[in-house]
Amino acid sequence: MNVALMVLAATLVGTALSCVISILPALHAYNVLGAFVMGMFALTARGIELAPEVYLPFMVGMIVGWSMLNTIPSILLGAPDESAMFTVLPGQKYLMFGRGYEGTMITGVGGLAGVYFLVFVVGPFAPKVLPPVQEVMRPHMHWILWVIITFILMTEWPKGGNWGPAGWRKFFDAWRSLGAGLLTFFLSGFLGFILLYRSPVSVDVAFQNIMPAFVGLFAVPWCLLNIISGTSVPKQHISESLDIDGDLILRSVGAGGLGGGFAAFFPVVTGGVGGLLAGHATAQRDERVFIMSQGVSKLVYYVGAFMFLFVPGLGITRGGAAWMMRQLYMPRTYYDYYMVLASIAIAGSVAFLLMPPLTRLTIWFIEKTNYRNASVVALAIVLAIVYVMTGWGGMLVMIVATGIGLIPVLFASRRLNCLGILLLPIACNMSGFGQDIAAWLGLI
Amino acid sequence: MNDTLLPGQEDQPKETICSSCGRFVGALTRCPYCGARVTKRLSVRFFRYAALLLGTVGLALLYMMARTQQIPRIKISDIKPTMNFAYVQIAGTVSGDARAFKEAGRIRSLRFMVDDGTGEITVNAYRSQAQALADEGRLPRLGDQVEVAGSLSVTADGDVVMRLQVPEQLVIASAEMEITPLGEIGADKVGTSVVVEGTIVDVNAPGPTSRAPWNMIVQDDSGRGQITFWKDVHEEIPDKLMLAKGNKLRARVSIMTYRDAIQLSLANAADLEFPDRPSKAPVSRTAGPGAASGRGEEIEVGDITAEMQGRAVRITGRVKEINPPTLPKAPHEVVVEQGEHSIAVVYWDTVVRNLRENTPIVGAQISVEGTVGVYEGKLQLKVNHSRQVKLLDAVPGRVEEPGAPIQVSAITKAMLKQTCTVRGKLGEPRSIRGGVIFPLTDDSGEIQVVLWDRRVPGAERDRLAAGAVVLVSGEVDEYRGALQLVPAKPQHIRVEKEAGAK
């Protein structure tokens, strides 16, 4: 079979599969990719080896498709992933005004702009520009990470304490959400230390050590709250036009590309953090820019992080998908790079074209049935994935992480604080004292 | 109708709407617009504190569990790509001197190889860990027995690296080593480590811009040898003036070949001493494979106490019982009794595989050298190397025997995943990623024998050459329609006739 056709077919299959994953709330592409990688190892053990031209475009299709189409449940059903948290509030407003379709499509346009940004701006210049940038930045990564952590913690704002007489009661009211945010950050950081050095997950599947914790921190709390909450969605209007123009798109690409690109390039920083930094850096006040830039940021983060593994001469591994990829294949040449760029462009195009019908389908679903059923199904699927891939050890981690993940949701602080699970131990390690802390904790 | 209401808001539960101003407040308990307290259903409040309790108590329990969890001990051949990031422990022999990489006078990283009999792995230590090991003079040397724990990095290239996180998790067990006469060092000792002593007869320093190493010719009563070392090692030698003709030296060196000539490689300045001007720390004459043991003090079993934990001792007694492992990664246990007292001796599969004629038998007199430990409140003696166990009663050897050989043509697809043995002549080897393939031919046909690096390390494969007649046991496998035989360990390949032998 012609290699180009093989790449095209694999990309389309990956993108098509991402449709199913994306519209199921709380299901993350990385969970499914983890299962896919384990399947690949099982095949290799049986002497069956797939060509990189099959699984590589397939994975690209999955990541691009999920990054774009996951907007649908983010806006219409809630926020399954921390990187989507900033789309929730304005997105929910669109939903409550019956404009969920338009909100979704505006974010989708952001995703499409993100694909353009990666293929036409980052793609041609990355092999020349990024390696020297990485060389310059490498010795400074640790302190930049601490600055980011400080920024995340200090930009949390009090949700109470504005009313009533001065005193302890008012003080505690103001500090309740702030305290919950700090508690979440440090508890999840502590969990990160445990998982890094003494995970209860079997060493045979150690590459999925962190997965049950992420499911517990982000997916399960969202499912549980959706199941028990009493909110119902008003009738949605299917709009034939979008209230955006070229200027808004350019501003969104600027803000989202900066945030997503920063997150993709820096270790441990995720799309949500990148979005937060870019949001403050560019100070875009228009709600449409806000929503669209989050679409750009999310796509640039997930897809860019994966793409950077393939940039010749760069040699960095960022994001869960790239780490999983490293165990299957180590890219080295422009052949791989062009293949990935081609797959990104094709998958981006197909995913955007699939967006309107899938959004209509989801709207039809939430209008016709009780959409909490989707949360029940999603919860069952993520529990099954965690159990099958990581066993009871993983389930234990997931339960503990769920407790921590519920704190910001129930105390109205940022879910972003849950990223302490990665930020704290990795920042300590990069600064050279992570092992000392682990030894002091008795973990090593 | 209130004009601040959103479409569909009238359908929302009253808990999400401020009772004072009528605005949508979601999960907030105080209205952000007017400050009125919003009453919530009990369930949300309950879940709020239940979540807090679950998160903190669960984390505390997880922490206690993690602290008491043993680091899993694995075999190198068992490492799979899915074990990337796993924190594990391995035990084996150092198969290459530790190499330190420096930057601005500080050690940036340290690297050495460990072979556990099932495969070989690179162990890296970085910055503070590497510096600590160097400062403590605990750089592993060729032939040292080590136990090391760290996190694994496995890539698609087949590169498996362990990263040492804490210097204390590298335990080096070694024994005294005899001085080897220079005249006895030949090709058979390549790849081992020895201590030599002699007089310097010539010193060749590299030029100021040269990247060549230092060379010294050393002589003793039995012959001569060439000791080489790099500039960074030279910089570390405190008594540089002693590097002159006529001075006597003692050094621990690794035996290597360079352009078919034997070379004695000095990896660390600490391994060199001048007996005429004794240095503070004498050269550590630690054991290479096959060296005589005897570092542990002889002691009565009844005198061993928990306070002696970590000390090396040697005991002699009679084997009372032998308990095979009850769990996949548990050790083998042999109970040794001496009079009224007894102690459990524990060791893992790597030791068992190399015990051969020293394999314990119930009732036999045995000498064991090991480190005192306490596990679940019970005293035990931990053995890391097969040479630490010596069966004193004469018993017939029990070597693993392969099954009866069959013809190559008798192997069919129906036998996939079964183990079978064939005898045949090896053809020219072909390198593949992660191993080597030898074609094996007998009168009936040919089959590919796949030797993976992790199962049959390079050092073991060196004894195999095209033309040799071998007896091979392995699992039948299929790759792209062709059948192949995959031996699980080096012992499954027995050379019956060397290549070129008549």
# chains A, B, ... in the order shown; residues from 1 in each chain; ligands from 1
call {"tool": "residues_around", "arguments": {"residues": "segment 29-42 of chain A", "least_positions_apart": "6", "cutoff": "8 Å", "atoms": "only C-alpha atoms", "output": "PyMOL selection string"}}
result
(chain A and resi 18+21-22+49+59+62-63+66+208+211+320-321+324+328+385+389) or (chain B and resi 81-82)
call {"tool": "write_last_selection", "arguments": {"atoms": "C-alpha atoms", "output": "short mmCIF file (atom, residue, chain, number, x, y, z; two decimals), in the first residue's frame"}}
result
data_model
loop_
_atom_site.label_atom_id
_atom_site.label_comp_id
_atom_site.auth_asym_id
_atom_site.auth_seq_id
_atom_site.Cartn_x
_atom_site.Cartn_y
_atom_site.Cartn_z
CA SER A 18 -11.40 10.69 18.64
CA ILE A 21 -13.80 9.73 22.91
CA SER A 22 -14.40 13.46 22.68
CA GLU A 49 4.87 -5.09 14.49
CA MET A 59 -2.04 8.92 17.38
CA MET A 62 -6.55 11.04 18.02
CA ILE A 63 -4.80 13.97 19.71
CA TRP A 66 -9.75 15.15 20.76
CA GLN A 208 0.74 4.87 33.72
CA MET A 211 -2.99 8.33 35.09
CA GLY A 320 1.74 12.45 28.18
CA ALA A 321 1.33 11.47 24.53
CA MET A 324 4.09 7.27 25.55
CA LEU A 328 7.10 3.01 20.75
CA ILE A 385 -9.93 1.98 32.21
CA MET A 389 -4.71 -0.69 33.18
CA PRO B 81 8.76 -0.72 27.91
CA THR B 82 5.71 -0.37 30.16
#
call {"tool": "residues_around", "arguments": {"residues": "segment 131-142 of chain B", "least_positions_apart": "5", "cutoff": "6 Å", "atoms": "only C-alpha atoms", "output": "number ranges by chain"}}
result
B: 94-98, 107, 193
call {"tool": "write_last_selection", "arguments": {"atoms": "C-alpha atoms", "output": "mmCIF file, in the first residue's frame"}}
result
data_model
loop_
_atom_site.group_PDB
_atom_site.id
_atom_site.type_symbol
_atom_site.label_atom_id
_atom_site.label_comp_id
_atom_site.auth_asym_id
_atom_site.auth_seq_id
_atom_site.Cartn_x
_atom_site.Cartn_y
_atom_site.Cartn_z
ATOM 1 C CA VAL B 94 29.460 -4.087 37.906
ATOM 2 C CA SER B 95 30.453 -4.857 34.336
ATOM 3 C CA GLY B 96 32.239 -1.597 33.612
ATOM 4 C CA ASP B 97 34.126 0.876 35.794
ATOM 5 C CA ALA B 98 32.180 3.935 36.890
ATOM 6 C CA ILE B 107 30.923 15.963 38.774
ATOM 7 C CA SER B 193 39.466 -6.124 37.454
#
call {"tool": "interface_residues", "arguments": {"of": "chain B", "to": "chain A", "cutoff": "7 Å", "atoms": "only C-alpha atoms", "output": "number ranges by chain"}}
result
B: 6-8, 12-13, 35, 48, 51-52, 54-55, 58-59, 63, 66-67, 81-87, 154-157, 165-166, 478-479
call {"tool": "write_last_selection", "arguments": {"atoms": "N, CA, C and O atoms", "output": "short mmCIF file (atom, residue, chain, number, x, y, z; two decimals), in the first residue's frame"}}
result
data_model
loop_
_atom_site.label_atom_id
_atom_site.label_comp_id
_atom_site.auth_asym_id
_atom_site.auth_seq_id
_atom_site.Cartn_x
_atom_site.Cartn_y
_atom_site.Cartn_z
N LEU B 6 -31.80 34.59 33.52
CA LEU B 6 -31.32 34.04 32.26
C LEU B 6 -32.40 33.16 31.68
O LEU B 6 -33.27 32.69 32.41
N PRO B 7 -32.38 32.92 30.35
CA PRO B 7 -33.39 32.02 29.78
C PRO B 7 -33.32 30.65 30.46
O PRO B 7 -32.23 30.09 30.61
N GLY B 8 -34.46 30.20 30.86
CA GLY B 8 -34.52 28.87 31.47
C GLY B 8 -34.20 28.90 32.95
O GLY B 8 -34.23 27.87 33.62
N GLN B 12 -34.55 26.43 37.10
CA GLN B 12 -33.42 25.97 37.92
C GLN B 12 -33.88 25.76 39.37
O GLN B 12 -34.77 26.45 39.86
N PRO B 13 -33.20 24.85 40.09
CA PRO B 13 -33.53 24.68 41.51
C PRO B 13 -33.24 25.96 42.27
O PRO B 13 -32.32 26.70 41.93
N GLY B 35 -24.46 39.74 48.54
CA GLY B 35 -23.86 39.29 49.79
C GLY B 35 -24.77 38.45 50.66
O GLY B 35 -24.39 38.04 51.75
N ARG B 48 -18.74 18.40 50.68
CA ARG B 48 -17.61 19.30 50.82
C ARG B 48 -16.65 18.77 51.88
O ARG B 48 -15.46 18.63 51.66
N ALA B 51 -15.26 15.23 51.18
CA ALA B 51 -14.15 15.25 50.23
C ALA B 51 -12.86 15.62 50.93
O ALA B 51 -11.82 15.01 50.70
N LEU B 52 -12.97 16.62 51.80
CA LEU B 52 -11.79 17.05 52.54
C LEU B 52 -11.23 15.91 53.39
O LEU B 52 -10.03 15.66 53.42
N LEU B 54 -11.80 12.65 52.94
CA LEU B 54 -11.31 11.56 52.08
C LEU B 54 -9.92 11.90 51.55
O LEU B 54 -9.01 11.06 51.57
N GLY B 55 -9.76 13.13 51.09
CA GLY B 55 -8.48 13.54 50.51
C GLY B 55 -7.35 13.46 51.52
O GLY B 55 -6.29 12.89 51.24
N GLY B 58 -7.11 9.72 53.24
CA GLY B 58 -6.66 8.78 52.20
C GLY B 58 -5.20 9.00 51.87
O GLY B 58 -4.44 8.05 51.74
N LEU B 59 -4.82 10.26 51.79
CA LEU B 59 -3.43 10.57 51.47
C LEU B 59 -2.49 10.13 52.59
O LEU B 59 -1.41 9.59 52.35
N TYR B 63 0.39 7.43 52.21
CA TYR B 63 1.76 7.76 52.59
C TYR B 63 2.35 6.69 53.50
O TYR B 63 3.48 6.23 53.32
N ALA B 66 3.07 3.72 51.45
CA ALA B 66 4.25 3.90 50.59
C ALA B 66 5.54 3.77 51.39
O ALA B 66 6.51 3.19 50.93
N ARG B 67 5.52 4.31 52.61
CA ARG B 67 6.74 4.26 53.43
C ARG B 67 7.15 2.84 53.78
O ARG B 67 8.33 2.54 53.91
N PRO B 81 8.98 -2.16 28.16
CA PRO B 81 8.76 -0.72 27.91
C PRO B 81 7.72 -0.11 28.84
O PRO B 81 7.80 1.07 29.16
N THR B 82 6.75 -0.92 29.28
CA THR B 82 5.71 -0.37 30.16
C THR B 82 6.24 -0.05 31.55
O THR B 82 5.52 0.50 32.38
N MET B 83 7.50 -0.41 31.82
CA MET B 83 8.07 -0.15 33.15
C MET B 83 8.81 1.19 33.19
O MET B 83 9.52 1.46 34.15
N ASN B 84 8.63 2.01 32.17
CA ASN B 84 9.21 3.34 32.19
C ASN B 84 8.73 4.09 33.44
O ASN B 84 7.55 4.04 33.76
N PHE B 85 9.63 4.74 34.14
CA PHE B 85 9.38 5.49 35.39
C PHE B 85 9.27 4.61 36.63
O PHE B 85 9.09 5.12 37.72
N ALA B 86 9.36 3.28 36.48
CA ALA B 86 9.21 2.41 37.66
C ALA B 86 10.39 2.62 38.61
O ALA B 86 11.53 2.79 38.17
N TYR B 87 10.10 2.60 39.90
CA TYR B 87 11.16 2.72 40.91
C TYR B 87 11.46 1.31 41.40
O TYR B 87 10.64 0.71 42.08
N VAL B 154 12.92 3.82 29.96
CA VAL B 154 12.93 2.85 28.85
C VAL B 154 12.43 3.57 27.60
O VAL B 154 11.36 4.17 27.61
N THR B 155 13.22 3.51 26.53
CA THR B 155 12.79 4.17 25.30
C THR B 155 12.59 3.14 24.18
O THR B 155 12.98 1.98 24.32
N ALA B 156 12.02 3.62 23.09
CA ALA B 156 11.75 2.73 21.96
C ALA B 156 13.03 2.20 21.34
O ALA B 156 13.03 1.18 20.66
N ASP B 157 14.15 2.89 21.55
CA ASP B 157 15.42 2.43 21.01
C ASP B 157 15.96 1.21 21.75
O ASP B 157 16.98 0.66 21.37
N GLN B 165 18.66 7.77 42.59
CA GLN B 165 18.10 8.99 43.18
C GLN B 165 18.76 9.35 44.51
O GLN B 165 18.81 10.51 44.88
N VAL B 166 19.20 8.33 45.24
CA VAL B 166 19.79 8.57 46.55
C VAL B 166 21.10 7.78 46.65
O VAL B 166 21.09 6.57 46.38
N GLU B 478 7.47 -16.88 16.39
CA GLU B 478 7.29 -16.66 14.96
C GLU B 478 7.43 -15.17 14.68
O GLU B 478 6.91 -14.34 15.42
N TYR B 479 8.20 -14.82 13.65
CA TYR B 479 8.32 -13.42 13.25
C TYR B 479 8.23 -13.34 11.74
O TYR B 479 9.03 -13.94 11.03
#
call {"tool": "select_by_dssp", "arguments": {"residues": "segment 295-437 of chain B", "states": "alpha helix (DSSP H)", "output": "list in words"}}
result
Asp349, Thr350, Val351, Val352, Arg353, Asn354 and Leu355 of chain B
call {"tool": "closest_residue", "arguments": {"among": "B:Ser444, B:Val469, B:Arg211, B:Val25", "to": "Glu498 of chain B", "atoms": "only C-alpha atoms"}}
result
B:Val469
call {"tool": "residues_around", "arguments": {"residues": "His140 of chain A", "least_positions_apart": "5", "cutoff": "12 Å", "atoms": "only C-alpha atoms", "output": "PyMOL selection string"}}
result
chain A and resi 133-135+145-147+266-267+427+430-431
call {"tool": "residues_around", "arguments": {"residues": "segment 238-252 of chain B", "least_positions_apart": "3", "cutoff": "7 Å", "atoms": "only C-alpha atoms", "output": "JSON, numbers by chain"}}
result
{"B": [194, 195, 196, 197, 198, 199, 200, 201, 202, 203, 266, 271, 272, 273, 274, 275, 276, 283, 285]}
call {"tool": "atom_distance", "arguments": {"atom1": "atom CA of Val350 of chain A", "atom2": "atom CA of Thr362 of chain A"}}
result
18.1 Å
call {"tool": "closest_residue", "arguments": {"among": "B:Asp188, B:Asp221, B:Asp232, B:Glu321", "to": "Lys102 of chain B", "atoms": "only C-alpha atoms"}}
result
B:Asp232
call {"tool": "atom_distance", "arguments": {"atom1": "atom CA of Met307 of chain A", "atom2": "atom CA of Ala345 of chain A"}}
result
11.9 Å
call {"tool": "closest_residue", "arguments": {"among": "A:Met339, A:Leu242, A:Ala113, A:Leu250", "to": "Phe58 of chain A", "atoms": "only C-alpha atoms"}}
result
A:Met339
call {"tool": "residues_around", "arguments": {"residues": "Ile185 of chain B", "least_positions_apart": "6", "cutoff": "9 Å", "atoms": "only C-alpha atoms", "output": "list of chain:residue names"}}
result
B:Gly225, B:Ile255, B:Ile262
call {"tool": "closest_residue", "arguments": {"among": "B:Thr421, B:Ser222, B:Gln380, B:Asn358", "to": "Ile315 of chain B", "atoms": "only C-alpha atoms"}}
result
B:Gln380
call {"tool": "closest_residue", "arguments": {"among": "B:Lys40, B:Arg99, B:Glu120, B:Leu379", "to": "Glu307 of chain B", "atoms": "only C-alpha atoms"}}
result
B:Leu379
call {"tool": "closest_residue", "arguments": {"among": "B:Ile406, B:Glu333, B:Ala312, B:Leu416", "to": "Glu369 of chain B", "atoms": "only C-alpha atoms"}}
result
B:Ala312
